[in-house]
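Peer 1: To start, I am sharing the structure in question, which I have written as structure tokens.
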Amino acid sequence: MKVLRFSASLVALCAVLSTSVSDAQPGSWGDQTDGTFHNPVLNADYSDPDVVRVGSDFFMVASEFHFMGMQILHSKDLVNWTLIAQLYTRLDVDPRYDTFNGYGMGSWAPSIRYRNGRFWVFFSTPDEGIFMTTATDPAGPWAPLHCVRSVAGWIDPCPFWDDDGQAYLIHAYAKSRVGINSRLILHRMAPDGSALLDDGTEVFDGTISQPTIEGPKLYKRDGKYYIFAPAGGVAGGWQVVLRSNNIYGPYEDRVVLEQGSTAIPGPHQGGWVELESGESWFVHFSKTDALGRVVHLQPVSWVDGWPEMGTDFDHDGVGEPVTSAVKPNVGGMLPLTAPAADEDFASATLGLQWQWNHNPDDSRWSLSERPGYLRLRAGQASDFWHAANATQKMMGATGTVTTRLQTENMADGQKAGLCHLSDIYRWIGVEQAGTTRQIRVCIGGSYTNGPVLTGDAVWLRTTIDYDGSNRFYYSLDGTSFVSLGSSFTLRFGYWKGSKIGLFTWNPSASSGIADFDWFTYAYDGPKGWAPTADLLVQEAEWGTLSGAFAFASDAGASSGYCVEVPDIGAPTGEDSASYTFLVTVPGAYRVRTWVSSPDEDSNSFYVKIDGAPSGTGYLYDLPVSPSLFQSDYVSDRDGLDPVVAEFAAGPHRVVFHRLEDGARLDKVALELLWSTPTSARPETLVLYE
């Protein structure tokens with residue numbers, strides 16, 4: 001295989017990613033790349049999921065409780081999902097979210113809807129009320145949270161706009177707050193979702209027939225009103241559908257999904273969606289222990305006006321969750337995608353996978369003070385539970401997480417490292433006493449001491465085995481890892497699965513700095529990229545500045561795809577722009593680049609692909625002019641032209657290194673000249689093999 005290669009050594013941004021990018025591979029869950037999927041489609045804690053379709057796109061939200069903030073996921077097929085936004089970064093609705101006293105509270109059971117060109121998300125907090133936010137673009141920005149009704153114990157809100165424009169909101173009750181449950185309440189709502197217009201009408205009482213009914217989702221189909229809602233509790237419950245000719249009832253009820261003879265417990269709260277192809281699907285969660293409430297996908301068929309979910313394996317008239325199925329019919333096969341997990345901390349913003357435990361103190365973390373690192377400043381805290389930490393969800397039943405910690409700026413009393421947390425915590429890290437820094441493990445309040453550090457860097461690792469044991473490791477050279485402490489268990493707690501985090505705190509004073517260089521997470525599920533046609537930009541940076549790349553199919557080439565870069569300015573000094581693209585059609589491509597420079601005939605850009613070793617020289621530089629310049633070819637230092645590269649299918653890393661102030665990269669196009677394999681190909685230019 002011949003591939004043009006770019007150097008990642010020019011900028012710290014690429015140092016980790018260039019070694020961690022690999023061909024997308026299926027895992028033990030999700031897309032199996034053969035036209036089928038294996039449940040769960042998201043083997044991570046996205047509890048109480050709700051989904052909406054807009055055209056050929058699907059968007060999903062889930063409960064996040066005391067973690068900030070609520071994530072928006074996007075999919076083209078209900079199986080492969082990516083993170084695209086966070087609705088909020090903090091909850092300023094009660095001081096408890098600033099003082100680490102909101103565990104198990106925060107956002108409960110959101111709903112997402114689309115109407116008149118606008119997305120709407122409603123959710124409740126158990127003690128403060130029902131909140132709403134809107135956006136015209138699901139990737140944001142989202143409007144500041146608006147309190148629809150200040151009230152305790154009204155949970156699981158779902159908006160509904162009828163054909164006549166009348167707006168409604170349905171919700172359930174939290175018995176822990178108001179003393180009752182198993183009832184569903186319907187309110188008239190202002191059309192803009194800003195307020196409830198009455199005190200509500202009870203439309204269903206499931207105390208006897210459907211105990212603990214909650215999480216209602218209201219829909220209309222063929223003139224009838226349907227409420228999809230779980231009942232029976234999380235662990236051993238079932239899915240109920242209510243049906244009526246009138247929005248206020250009376251409602252018939254029917255159990256449509258239960259565990260039955262399967263090993264999938266309590267198929268619980270979720271959302272129904274109908275595809276452009278006419279297919280129906282139901283997204284729901286099923287509770288595991290340590291991993292949390294993971295996302296399953298069930299086929300739905302409609303018979304006599306009732307939905308039938310999954311497969312009735314035991315022939316009792318009620319559907320049961322499927323383990324595997326043919327993927328939804330969305331008009332074609334799509335590549336593997338998964339929510340981001342790895343992070344090199346080179347961007348100006350923290351990856352969307354990261355969620356702060358309670359409200360973040362933005363003065364105590366930075367990505368710019370030490371570029372290429374996540375800097376955490378230790379706050380004074382009495383214990384781990386009051387320590388600021390950045391977390392992300394566990395993915396899958398097995399995995400390995402590794403991070404590199406720089407300790408030279410730590411202070412006396414400070415602790416910092418890698419952790420697991422739910423309603424229990426375990427961590428491996430460094431604790432400083434005076435000027436001595438020692439590696440330590442804490443499991444269940446018991447400490448195991450490792451060596452005293454003589455250098456500044458330490459690599460920390462946790463290996464995860466949901467069905468077995470979990471262990472901590474450290475390394476002093478990044479190559480040889482040593483186990484420290486005993487094996488340990490993880491568990492569900494505070495309504496969330498166990499999460500992975502980076503932490504620091506100091507019981508003595510607000511003093512000390514922990515710098516995390518990168519974070520990698522290998523797990524048993526799919527890891528991939530989401531292309532649009534043949535080219536996708538995964539990320540783009542100018543030094544510490546970042547801008548969103550827009551995809552355009554009109555590249556100005558006979559057959560190609562173009563990435564258009566917004567005008568994000570030109571930084572000073574020697575900086576690099578980098579991005580990852582995914583080739584789904586292997587073959588030979590001509591690289592066409594639009595650049596501009598302040599000086600006539602200057603050589604302002606050098607270009608490399610996929611981590612060519614440093615010292616080998618740049619592949620080619622681009623002659624540019626003061627105005628926007630389209631390069632139909634680019635020449636290298638030896639005058640070779642045109643540049644044609646043969647790309648294998650899969651992801652590739654591109655680096656544009658800018659040498660002159662004021663230079664701009666405006667867009668890049670890859671023109672497909674021929675695909676492989678082919679019987680007749682013109683000779684190609686290959687600079688590195």
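The chains in the structure tokens are called A, B, ... from first to last as shown; in each chain the residues are counted from 1, and the ligands are counted from 1 in the order shown.
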What lies within 8 Å of Asn181 (chain A) using only C-alpha atoms, ignoring chain neighbours under 6 positions off, as a ChimeraX atom specification?

Peer 2: /A:172-175,207,212-214

Peer 1: Just want the 7 Å neighbourhood of Leu145 (chain A), counted on only C-alpha atoms, with same-chain residues fewer than 2 positions away dropped. Output as a CSV table (one decimal) with all heavy atoms, in the first residue's frame.

Peer 2:
```csv
chain,number,residue,atom,x,y,z
A,131,PHE,N,-37.6,22.4,33.2
A,131,PHE,CA,-36.8,23.4,32.4
A,131,PHE,C,-36.8,23.1,30.9
A,131,PHE,O,-37.1,21.9,30.5
A,131,PHE,CB,-35.3,23.4,32.9
A,131,PHE,CG,-35.2,23.8,34.4
A,131,PHE,CD1,-35.3,22.9,35.4
A,131,PHE,CD2,-35.0,25.1,34.7
A,131,PHE,CE1,-35.2,23.3,36.7
A,131,PHE,CE2,-34.9,25.5,36.0
A,131,PHE,CZ,-35.0,24.6,37.0
A,132,MET,N,-36.6,24.1,30.1
A,132,MET,CA,-36.6,24.0,28.7
A,132,MET,C,-35.5,24.8,28.0
A,132,MET,O,-35.1,25.8,28.5
A,132,MET,CB,-38.0,24.5,28.2
A,132,MET,CG,-38.2,24.5,26.7
A,132,MET,SD,-37.7,26.1,25.9
A,132,MET,CE,-39.0,27.2,26.5
A,133,THR,N,-35.0,24.3,26.9
A,133,THR,CA,-34.1,25.1,26.1
A,133,THR,C,-34.4,24.8,24.6
A,133,THR,O,-34.9,23.7,24.3
A,133,THR,CB,-32.6,24.8,26.4
A,133,THR,OG1,-31.8,25.5,25.5
A,133,THR,CG2,-32.3,23.3,26.2
A,143,ALA,N,-30.3,27.9,23.8
A,143,ALA,CA,-30.7,29.0,24.6
A,143,ALA,C,-30.4,28.7,26.0
A,143,ALA,O,-30.5,27.5,26.5
A,143,ALA,CB,-32.2,29.3,24.3
A,147,CYS,N,-37.0,28.2,33.1
A,147,CYS,CA,-37.9,27.4,34.0
A,147,CYS,C,-39.3,27.5,33.6
A,147,CYS,O,-39.9,28.6,33.6
A,147,CYS,CB,-37.7,27.9,35.4
A,147,CYS,SG,-38.6,27.0,36.7
```

Peer 1: Could you give me, as JSON lines, a per-residue list for region 171-215 of chain A showing, wherever an atom lies at most 10 Å from an atom of region 246-263 of chain A, the closest pair of atoms and their distance in Å to one decimal, using only C-alpha atoms and sorting by chain then residue number from low to high?

Peer 2:
```
{"residue": "A:Ile185", "atom": "CA", "partner": "A:Tyr248", "partner_atom": "CA", "distance": 9.5}
{"residue": "A:Leu186", "atom": "CA", "partner": "A:Tyr248", "partner_atom": "CA", "distance": 7.5}
{"residue": "A:His187", "atom": "CA", "partner": "A:Tyr248", "partner_atom": "CA", "distance": 9.7}
{"residue": "A:Thr201", "atom": "CA", "partner": "A:Tyr248", "partner_atom": "CA", "distance": 7.7}
{"residue": "A:Glu202", "atom": "CA", "partner": "A:Tyr248", "partner_atom": "CA", "distance": 8.2}
{"residue": "A:Val203", "atom": "CA", "partner": "A:Tyr248", "partner_atom": "CA", "distance": 5.7}
{"residue": "A:Phe204", "atom": "CA", "partner": "A:Tyr251", "partner_atom": "CA", "distance": 7.1}
{"residue": "A:Asp205", "atom": "CA", "partner": "A:Tyr251", "partner_atom": "CA", "distance": 10.0}
{"residue": "A:Gly206", "atom": "CA", "partner": "A:Asp253", "partner_atom": "CA", "distance": 9.4}
{"residue": "A:Ser209", "atom": "CA", "partner": "A:Asp253", "partner_atom": "CA", "distance": 8.8}
{"residue": "A:Gln210", "atom": "CA", "partner": "A:Asp253", "partner_atom": "CA", "distance": 8.6}
```

Peer 1: For the selection just defined, write its residues with all heavy atoms to a file, as a PDB file, in the first residue's frame.

Peer 2:
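Once written, result-v1.pdb looks like this:
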```pdb
ATOM      1  N   ILE A 185     -49.904  13.137  34.175  1.00  0.00           N
ATOM      2  CA  ILE A 185     -50.630  14.398  34.220  1.00  0.00           C
ATOM      3  C   ILE A 185     -50.382  15.171  32.926  1.00  0.00           C
ATOM      4  O   ILE A 185     -49.237  15.306  32.475  1.00  0.00           O
ATOM      5  CB  ILE A 185     -50.176  15.261  35.420  1.00  0.00           C
ATOM      6  CG1 ILE A 185     -50.212  14.445  36.711  1.00  0.00           C
ATOM      7  CG2 ILE A 185     -51.036  16.515  35.542  1.00  0.00           C
ATOM      8  CD1 ILE A 185     -51.573  13.893  37.079  1.00  0.00           C
ATOM      9  N   LEU A 186     -51.463  15.699  32.333  1.00  0.00           N
ATOM     10  CA  LEU A 186     -51.388  16.458  31.091  1.00  0.00           C
ATOM     11  C   LEU A 186     -51.756  17.918  31.346  1.00  0.00           C
ATOM     12  O   LEU A 186     -52.759  18.211  31.997  1.00  0.00           O
ATOM     13  CB  LEU A 186     -52.325  15.864  30.043  1.00  0.00           C
ATOM     14  CG  LEU A 186     -52.294  16.508  28.653  1.00  0.00           C
ATOM     15  CD1 LEU A 186     -50.985  16.199  27.949  1.00  0.00           C
ATOM     16  CD2 LEU A 186     -53.483  16.025  27.813  1.00  0.00           C
ATOM     17  N   HIS A 187     -50.919  18.830  30.833  1.00  0.00           N
ATOM     18  CA  HIS A 187     -51.155  20.265  30.952  1.00  0.00           C
ATOM     19  C   HIS A 187     -51.279  20.892  29.573  1.00  0.00           C
ATOM     20  O   HIS A 187     -50.624  20.457  28.615  1.00  0.00           O
ATOM     21  CB  HIS A 187     -49.977  20.959  31.650  1.00  0.00           C
ATOM     22  CG  HIS A 187     -49.692  20.481  33.032  1.00  0.00           C
ATOM     23  ND1 HIS A 187     -50.117  21.152  34.157  1.00  0.00           N
ATOM     24  CD2 HIS A 187     -49.010  19.399  33.479  1.00  0.00           C
ATOM     25  CE1 HIS A 187     -49.702  20.510  35.244  1.00  0.00           C
ATOM     26  NE2 HIS A 187     -49.031  19.438  34.854  1.00  0.00           N
ATOM     27  N   THR A 201     -54.334  17.823  34.254  1.00  0.00           N
ATOM     28  CA  THR A 201     -55.415  16.846  34.342  1.00  0.00           C
ATOM     29  C   THR A 201     -54.816  15.454  34.355  1.00  0.00           C
ATOM     30  O   THR A 201     -53.972  15.129  33.506  1.00  0.00           O
ATOM     31  CB  THR A 201     -56.372  16.979  33.138  1.00  0.00           C
ATOM     32  OG1 THR A 201     -56.931  18.297  33.114  1.00  0.00           O
ATOM     33  CG2 THR A 201     -57.480  15.935  33.204  1.00  0.00           C
ATOM     34  N   GLU A 202     -55.231  14.646  35.293  1.00  0.00           N
ATOM     35  CA  GLU A 202     -54.753  13.266  35.329  1.00  0.00           C
ATOM     36  C   GLU A 202     -55.391  12.484  34.185  1.00  0.00           C
ATOM     37  O   GLU A 202     -56.608  12.394  34.093  1.00  0.00           O
ATOM     38  CB  GLU A 202     -55.101  12.626  36.663  1.00  0.00           C
ATOM     39  CG  GLU A 202     -54.572  11.207  36.809  1.00  0.00           C
ATOM     40  CD  GLU A 202     -54.921  10.594  38.157  1.00  0.00           C
ATOM     41  OE1 GLU A 202     -54.388  11.090  39.177  1.00  0.00           O
ATOM     42  OE2 GLU A 202     -55.731   9.641  38.172  1.00  0.00           O
ATOM     43  N   VAL A 203     -54.536  11.926  33.305  1.00  0.00           N
ATOM     44  CA  VAL A 203     -55.054  11.190  32.157  1.00  0.00           C
ATOM     45  C   VAL A 203     -54.888   9.688  32.312  1.00  0.00           C
ATOM     46  O   VAL A 203     -55.482   8.922  31.550  1.00  0.00           O
ATOM     47  CB  VAL A 203     -54.389  11.663  30.847  1.00  0.00           C
ATOM     48  CG1 VAL A 203     -54.750  13.113  30.561  1.00  0.00           C
ATOM     49  CG2 VAL A 203     -52.875  11.480  30.895  1.00  0.00           C
ATOM     50  N   PHE A 204     -54.090   9.264  33.290  1.00  0.00           N
ATOM     51  CA  PHE A 204     -53.953   7.818  33.513  1.00  0.00           C
ATOM     52  C   PHE A 204     -53.452   7.572  34.922  1.00  0.00           C
ATOM     53  O   PHE A 204     -52.509   8.223  35.376  1.00  0.00           O
ATOM     54  CB  PHE A 204     -52.984   7.190  32.510  1.00  0.00           C
ATOM     55  CG  PHE A 204     -52.944   5.693  32.568  1.00  0.00           C
ATOM     56  CD1 PHE A 204     -53.954   4.931  31.992  1.00  0.00           C
ATOM     57  CD2 PHE A 204     -51.911   5.027  33.216  1.00  0.00           C
ATOM     58  CE1 PHE A 204     -53.927   3.535  32.057  1.00  0.00           C
ATOM     59  CE2 PHE A 204     -51.876   3.644  33.285  1.00  0.00           C
ATOM     60  CZ  PHE A 204     -52.894   2.893  32.700  1.00  0.00           C
ATOM     61  N   ASP A 205     -54.098   6.621  35.602  1.00  0.00           N
ATOM     62  CA  ASP A 205     -53.683   6.167  36.925  1.00  0.00           C
ATOM     63  C   ASP A 205     -53.322   4.693  36.806  1.00  0.00           C
ATOM     64  O   ASP A 205     -54.182   3.843  36.598  1.00  0.00           O
ATOM     65  CB  ASP A 205     -54.812   6.364  37.940  1.00  0.00           C
ATOM     66  CG  ASP A 205     -54.405   5.961  39.362  1.00  0.00           C
ATOM     67  OD1 ASP A 205     -53.315   5.387  39.539  1.00  0.00           O
ATOM     68  OD2 ASP A 205     -55.198   6.227  40.292  1.00  0.00           O
ATOM     69  N   GLY A 206     -52.021   4.415  36.932  1.00  0.00           N
ATOM     70  CA  GLY A 206     -51.566   3.039  36.784  1.00  0.00           C
ATOM     71  C   GLY A 206     -51.301   2.340  38.098  1.00  0.00           C
ATOM     72  O   GLY A 206     -50.632   1.299  38.105  1.00  0.00           O
ATOM     73  N   SER A 209     -52.988  -1.299  37.675  1.00  0.00           N
ATOM     74  CA  SER A 209     -52.658  -2.101  36.489  1.00  0.00           C
ATOM     75  C   SER A 209     -51.227  -1.902  36.002  1.00  0.00           C
ATOM     76  O   SER A 209     -50.614  -2.837  35.472  1.00  0.00           O
ATOM     77  CB  SER A 209     -53.626  -1.753  35.352  1.00  0.00           C
ATOM     78  OG  SER A 209     -53.505  -0.373  35.002  1.00  0.00           O
ATOM     79  N   GLN A 210     -50.682  -0.683  36.154  1.00  0.00           N
ATOM     80  CA  GLN A 210     -49.342  -0.387  35.650  1.00  0.00           C
ATOM     81  C   GLN A 210     -48.565   0.402  36.716  1.00  0.00           C
ATOM     82  O   GLN A 210     -48.277   1.595  36.551  1.00  0.00           O
ATOM     83  CB  GLN A 210     -49.416   0.423  34.345  1.00  0.00           C
ATOM     84  CG  GLN A 210     -50.261  -0.189  33.249  1.00  0.00           C
ATOM     85  CD  GLN A 210     -49.683  -1.490  32.710  1.00  0.00           C
ATOM     86  OE1 GLN A 210     -48.563  -1.869  33.028  1.00  0.00           O
ATOM     87  NE2 GLN A 210     -50.458  -2.189  31.886  1.00  0.00           N
TER      88      GLN A 210
END
```

Peer 1: Env of Val295 (chain A): 7 Å cut, atoms = only C-alpha atoms, seq-sep filter 4 positions within chain, self excluded. Answer as number ranges by chain.

Peer 2: A: 40-43, 46, 283-286

Peer 1: Take the residues from that selection and write them out as a PDB file, in the first residue's frame, keeping C-alpha atoms.

Peer 2:
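Saved file again-v6.pdb follows:
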```
ATOM      1  CA  PRO A  40     -26.862  -2.579  23.058  1.00  0.00           C
ATOM      2  CA  VAL A  41     -26.227  -0.140  20.237  1.00  0.00           C
ATOM      3  CA  LEU A  42     -24.633   2.194  22.801  1.00  0.00           C
ATOM      4  CA  ASN A  43     -23.098   0.186  25.612  1.00  0.00           C
ATOM      5  CA  TYR A  46     -27.262   7.101  28.328  1.00  0.00           C
ATOM      6  CA  VAL A 283     -34.906   3.247  21.512  1.00  0.00           C
ATOM      7  CA  HIS A 284     -34.841   2.327  25.214  1.00  0.00           C
ATOM      8  CA  PHE A 285     -32.483   1.584  28.062  1.00  0.00           C
ATOM      9  CA  SER A 286     -31.782  -1.554  30.043  1.00  0.00           C
TER      10      SER A 286
END
```

Peer 1: Enumerate the residues of region 202-418 of chain A with a DSSP assignment of strand (DSSP E), computed from the backbone, and present them as number ranges by chain.

Peer 2: A: 202-205, 217-221, 224-231, 238-244, 252-258, 270-274, 280-287, 293-303, 306-309, 324-326, 355-357, 365-366, 374-377, 389-393, 398-406, 415-418

Peer 1: Identify, with DSSP run on backbone atoms, the residues in region 355-535 of chain A assigned to helix (DSSP H, G or I), and express the list as a PyMOL selection string.

Peer 2: chain A and resi 362-364+384-386

Peer 1: Can you work out which one of A:Val178, A:Met309, A:Ala139, A:Leu405 has the shortest atom-to-atom distance to Ala152 (chain A), counting only C-alpha atoms?

Peer 2: A:Val178

Peer 1: Show me, as a list in words, the residues that have an atom within 10 Å of region 89-98 of chain A when counting only C-alpha atoms, minus same-chain residues fewer than 3 positions from it.

Peer 2: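 Within the cut-off, the hits are His66, Phe67, Met68, Gly69, Met70, Gln71, Gln86, Asn101, Gly102, Tyr103, Met105, Gly106, Ser107, Thr125, Asp127, Glu128, Gly129, Phe131, Leu145, Cys147, Gln355, Trp356, Asn357, His358, Asn359, Pro360, Asp361 and His386 of chain A.
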
Peer 1: Please provide as a list in words all residues within 8 Å of region 466-477 of chain A, with the sequence filter that same-chain residues fewer than 4 positions apart are discarded (counting only C-alpha atoms).

Peer 2: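 Those residues are Ala290, Leu291, Ala397, Thr398, Ile428, Val441, Ala457, Val458, Trp459, Leu460, Arg461, Thr462, Phe481, Val482, Ser483, Leu484, Gly485, Ser486, Ser487, Phe488, Thr489 and Leu490 of chain A.
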
Peer 1: My list of candidates is A:Gly153, A:Pro526, A:Gly450, A:Gly193. Which is closest to Val121 (chain A) when distances are computed with only C-alpha atoms?

Peer 2: A:Gly193

Peer 1: Using only C-alpha atoms, can you tell me which of A:Asp222, A:Asp314, A:Glu320, A:Glu276 comes closest to Gln239 (chain A)?

Peer 2: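 Closest residue, counting only C-alpha atoms: A:Glu320.
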